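Visitor: Below are the structure tokens for one structure; questions will follow.
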Amino acid sequence: TQAVHAALQARGIRHLDAPMLGSRPQALSGEIFFIVAGDEAQLPVIAPLLDAMGKRHLYVGPSGTANRIKLIHNILGAANAAAAAESLALCVQAGVDPEVYRQVVVEGSGMAYTTYFGKRVERVLNGDYSTQFSLELMHKDVSLAMDIARATGTAVPILEATLRAYAEGMEGGWRKDDFSAVTHVIEGKIGRPIARPTPAAAATWTTHRISPFTS
């Protein structure tokens, strides 16, 4: 992004990076949130376009800043998905009804609640991994965020574990599924499905099951 910005600037062309937050439903409803970086003086030029496509935009700094923020934002989403899957796995192993647990988290408004939990966990329990944001795209974003961590010398053990989980998801054959399919990696570790026992969920498990994780 910064190389493109510099090359265009040398030719008198203004460039801003404007990654978005949201997936297919938000795009269809016009509720995308844009993160914008670059020459702030040019923001009024593109603001009408951003307003036509989304609900809000926020200027965050010089060229490249928006893309960095988007990647750092997405590692939280990726880690949330893996952590939610682990908590559901613990429910299954401990004899707790995961649907009851979901209701407690969603309705209790405690610190464990996340947007991911509210939007995805019921789908996970139904064995629904239809794609809104694919696992391979999330793996790409987590990998790029890891590049930032390495370049800045930042210790990120949770990010490292998250990247391993998504790498296993890629190897397991779920790259085109929704990123919530990282749940299948956690299922491989406990040797049983988390989803309610429906024919569709059983078929998915049989087709894609991977070996339990060993440290």
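In the structure tokens, the first chain shown is A, the next is B, and so on; residue numbers restart at 1 for each chain, and ligands run from 1 in the order shown.
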Show which residues sit within 6 Å of range 20-31 of chain A, as an mmCIF file with N, CA, C and O atoms, in the first residue's frame. Count only C-alpha atoms, and ignore same-chain residues fewer than 5 positions away.

Guide:
data_model
loop_
_atom_site.group_PDB
_atom_site.id
_atom_site.type_symbol
_atom_site.label_atom_id
_atom_site.label_comp_id
_atom_site.auth_asym_id
_atom_site.auth_seq_id
_atom_site.Cartn_x
_atom_site.Cartn_y
_atom_site.Cartn_z
ATOM 1 N N MET A 53 -21.707 3.407 -0.303
ATOM 2 C CA MET A 53 -21.498 1.971 -0.103
ATOM 3 C C MET A 53 -21.652 1.523 1.338
ATOM 4 O O MET A 53 -21.893 0.335 1.599
ATOM 5 N N GLY A 54 -21.479 2.437 2.283
ATOM 6 C CA GLY A 54 -21.475 2.039 3.680
ATOM 7 C C GLY A 54 -22.182 3.031 4.579
ATOM 8 O O GLY A 54 -22.741 4.032 4.132
ATOM 9 N N LYS A 55 -22.139 2.738 5.858
ATOM 10 C CA LYS A 55 -22.844 3.579 6.828
ATOM 11 C C LYS A 55 -21.934 4.618 7.471
ATOM 12 O O LYS A 55 -22.399 5.632 7.987
ATOM 13 N N GLN A 132 -19.639 -16.416 4.808
ATOM 14 C CA GLN A 132 -19.801 -14.960 4.790
ATOM 15 C C GLN A 132 -18.427 -14.304 4.683
ATOM 16 O O GLN A 132 -18.253 -13.298 4.017
#

Visitor: Near Tyr166 in chain A, within 12 Å and counting only C-alpha atoms, which residues show up once chain neighbours fewer than 5 positions away are dropped, as a PyMOL selection string?

Guide: chain A and resi 75+78-79+81-82+134-143+159-161+171-175+177-186

Visitor: Include N, CA, C and O atoms and write out the residues we just selected as a short mmCIF file (atom, residue, chain, number, x, y, z; two decimals), in the first residue's frame.

Guide:
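File result19.cif, as written:
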data_model
loop_
_atom_site.label_atom_id
_atom_site.label_comp_id
_atom_site.auth_asym_id
_atom_site.auth_seq_id
_atom_site.Cartn_x
_atom_site.Cartn_y
_atom_site.Cartn_z
N ILE A 75 -7.40 -10.14 13.65
CA ILE A 75 -6.85 -11.21 14.50
C ILE A 75 -7.70 -11.38 15.76
O ILE A 75 -7.79 -12.49 16.30
N ALA A 78 -10.53 -13.56 14.56
CA ALA A 78 -10.04 -14.92 14.37
C ALA A 78 -9.85 -15.63 15.70
O ALA A 78 -10.24 -16.80 15.87
N ALA A 79 -9.24 -14.94 16.65
CA ALA A 79 -9.02 -15.54 17.97
C ALA A 79 -10.34 -15.77 18.70
O ALA A 79 -10.51 -16.79 19.39
N ALA A 81 -13.16 -16.60 17.33
CA ALA A 81 -13.76 -17.80 16.77
C ALA A 81 -13.14 -19.06 17.34
O ALA A 81 -13.84 -20.02 17.69
N ALA A 82 -11.81 -19.08 17.45
CA ALA A 82 -11.13 -20.25 18.00
C ALA A 82 -11.45 -20.42 19.48
O ALA A 82 -11.69 -21.54 19.96
N SER A 134 -14.55 -16.17 4.33
CA SER A 134 -14.00 -17.53 4.27
C SER A 134 -12.83 -17.74 5.22
O SER A 134 -12.11 -16.81 5.59
N LEU A 135 -12.63 -19.00 5.54
CA LEU A 135 -11.51 -19.38 6.41
C LEU A 135 -10.18 -19.04 5.74
O LEU A 135 -9.25 -18.59 6.40
N GLU A 136 -10.08 -19.22 4.41
CA GLU A 136 -8.81 -18.92 3.75
C GLU A 136 -8.50 -17.42 3.78
O GLU A 136 -7.33 -17.03 3.89
N LEU A 137 -9.53 -16.57 3.72
CA LEU A 137 -9.28 -15.14 3.83
C LEU A 137 -8.86 -14.76 5.24
O LEU A 137 -7.98 -13.91 5.44
N MET A 138 -9.47 -15.40 6.24
CA MET A 138 -9.06 -15.12 7.61
C MET A 138 -7.64 -15.61 7.86
O MET A 138 -6.84 -14.94 8.53
N HIS A 139 -7.30 -16.78 7.31
CA HIS A 139 -5.94 -17.29 7.43
C HIS A 139 -4.94 -16.31 6.80
O HIS A 139 -3.88 -16.05 7.36
N LYS A 140 -5.31 -15.74 5.66
CA LYS A 140 -4.46 -14.75 4.99
C LYS A 140 -4.25 -13.53 5.89
O LYS A 140 -3.12 -13.06 6.06
N ASP A 141 -5.32 -13.03 6.49
CA ASP A 141 -5.21 -11.84 7.34
C ASP A 141 -4.39 -12.12 8.60
O ASP A 141 -3.58 -11.29 9.02
N VAL A 142 -4.60 -13.29 9.20
CA VAL A 142 -3.84 -13.64 10.40
C VAL A 142 -2.36 -13.80 10.05
O VAL A 142 -1.48 -13.38 10.81
N SER A 143 -2.07 -14.36 8.88
CA SER A 143 -0.68 -14.52 8.44
C SER A 143 -0.02 -13.16 8.23
O SER A 143 1.14 -12.94 8.63
N LEU A 159 -1.68 -14.95 19.08
CA LEU A 159 -1.74 -14.87 17.62
C LEU A 159 -1.08 -16.09 16.99
O LEU A 159 -1.58 -16.64 15.99
N GLU A 160 0.03 -16.55 17.55
CA GLU A 160 0.72 -17.73 17.01
C GLU A 160 -0.19 -18.96 17.08
O GLU A 160 -0.29 -19.74 16.13
N ALA A 161 -0.87 -19.14 18.22
CA ALA A 161 -1.78 -20.28 18.37
C ALA A 161 -2.96 -20.15 17.42
O ALA A 161 -3.43 -21.15 16.84
N GLU A 171 -5.50 -26.99 5.98
CA GLU A 171 -5.07 -28.35 5.66
C GLU A 171 -6.23 -29.35 5.75
O GLU A 171 -6.25 -30.36 5.05
N GLY A 172 -7.20 -29.05 6.62
CA GLY A 172 -8.32 -29.96 6.82
C GLY A 172 -9.38 -29.91 5.73
O GLY A 172 -10.29 -30.74 5.69
N GLY A 173 -9.27 -28.93 4.83
CA GLY A 173 -10.20 -28.88 3.71
C GLY A 173 -11.35 -27.91 3.88
O GLY A 173 -12.32 -27.96 3.13
N TRP A 174 -11.25 -26.96 4.82
CA TRP A 174 -12.36 -26.03 5.07
C TRP A 174 -12.06 -24.61 4.58
O TRP A 174 -12.71 -23.66 5.01
N ARG A 175 -11.10 -24.46 3.71
CA ARG A 175 -10.66 -23.13 3.29
C ARG A 175 -11.78 -22.30 2.67
O ARG A 175 -11.80 -21.07 2.82
N ASP A 177 -15.02 -22.67 3.36
CA ASP A 177 -16.12 -22.51 4.31
C ASP A 177 -15.95 -21.20 5.07
O ASP A 177 -14.91 -20.55 5.02
N ASP A 178 -16.97 -20.83 5.82
CA ASP A 178 -16.88 -19.66 6.67
C ASP A 178 -15.74 -19.83 7.67
O ASP A 178 -15.41 -20.96 8.06
N PHE A 179 -15.15 -18.72 8.10
CA PHE A 179 -14.02 -18.83 9.03
C PHE A 179 -14.40 -19.49 10.35
O PHE A 179 -13.54 -19.98 11.08
N SER A 180 -15.70 -19.52 10.66
CA SER A 180 -16.14 -20.23 11.87
C SER A 180 -15.85 -21.72 11.78
O SER A 180 -15.91 -22.43 12.80
N ALA A 181 -15.52 -22.21 10.57
CA ALA A 181 -15.17 -23.63 10.41
C ALA A 181 -13.86 -23.99 11.11
O ALA A 181 -13.50 -25.17 11.16
N VAL A 182 -13.18 -22.99 11.68
CA VAL A 182 -12.04 -23.32 12.55
C VAL A 182 -12.52 -24.21 13.70
O VAL A 182 -11.73 -24.92 14.34
N THR A 183 -13.83 -24.20 13.95
CA THR A 183 -14.43 -25.10 14.94
C THR A 183 -14.09 -26.55 14.65
O THR A 183 -13.89 -27.36 15.57
N HIS A 184 -13.99 -26.91 13.37
CA HIS A 184 -13.68 -28.29 13.02
C HIS A 184 -12.29 -28.70 13.52
O HIS A 184 -12.06 -29.88 13.83
N VAL A 185 -11.37 -27.74 13.58
CA VAL A 185 -10.04 -28.03 14.10
C VAL A 185 -10.13 -28.41 15.57
O VAL A 185 -9.49 -29.36 16.03
N ILE A 186 -10.96 -27.67 16.32
CA ILE A 186 -11.14 -27.97 17.74
C ILE A 186 -11.87 -29.31 17.90
O ILE A 186 -11.55 -30.08 18.80
#

Visitor: To test your reading of the structure, identify every residue in range 39-189 of chain A that backbone DSSP assigns to helix (DSSP H, G or I), and report it as a ChimeraX atom specification.

Guide: /A:40-53,65-94,98-108,115-125,135-152,157-172,179-189

Visitor: Got a sec: who's within 12 Å of Ala84 in chain A, counting only C-alpha atoms, leaving out chain neighbours fewer than 4 positions off, as an MDAnalysis selection string?

Guide: chainID A and resid 76:80 88:91 98 101:102 105 112:122 124:125 180:184 186 194
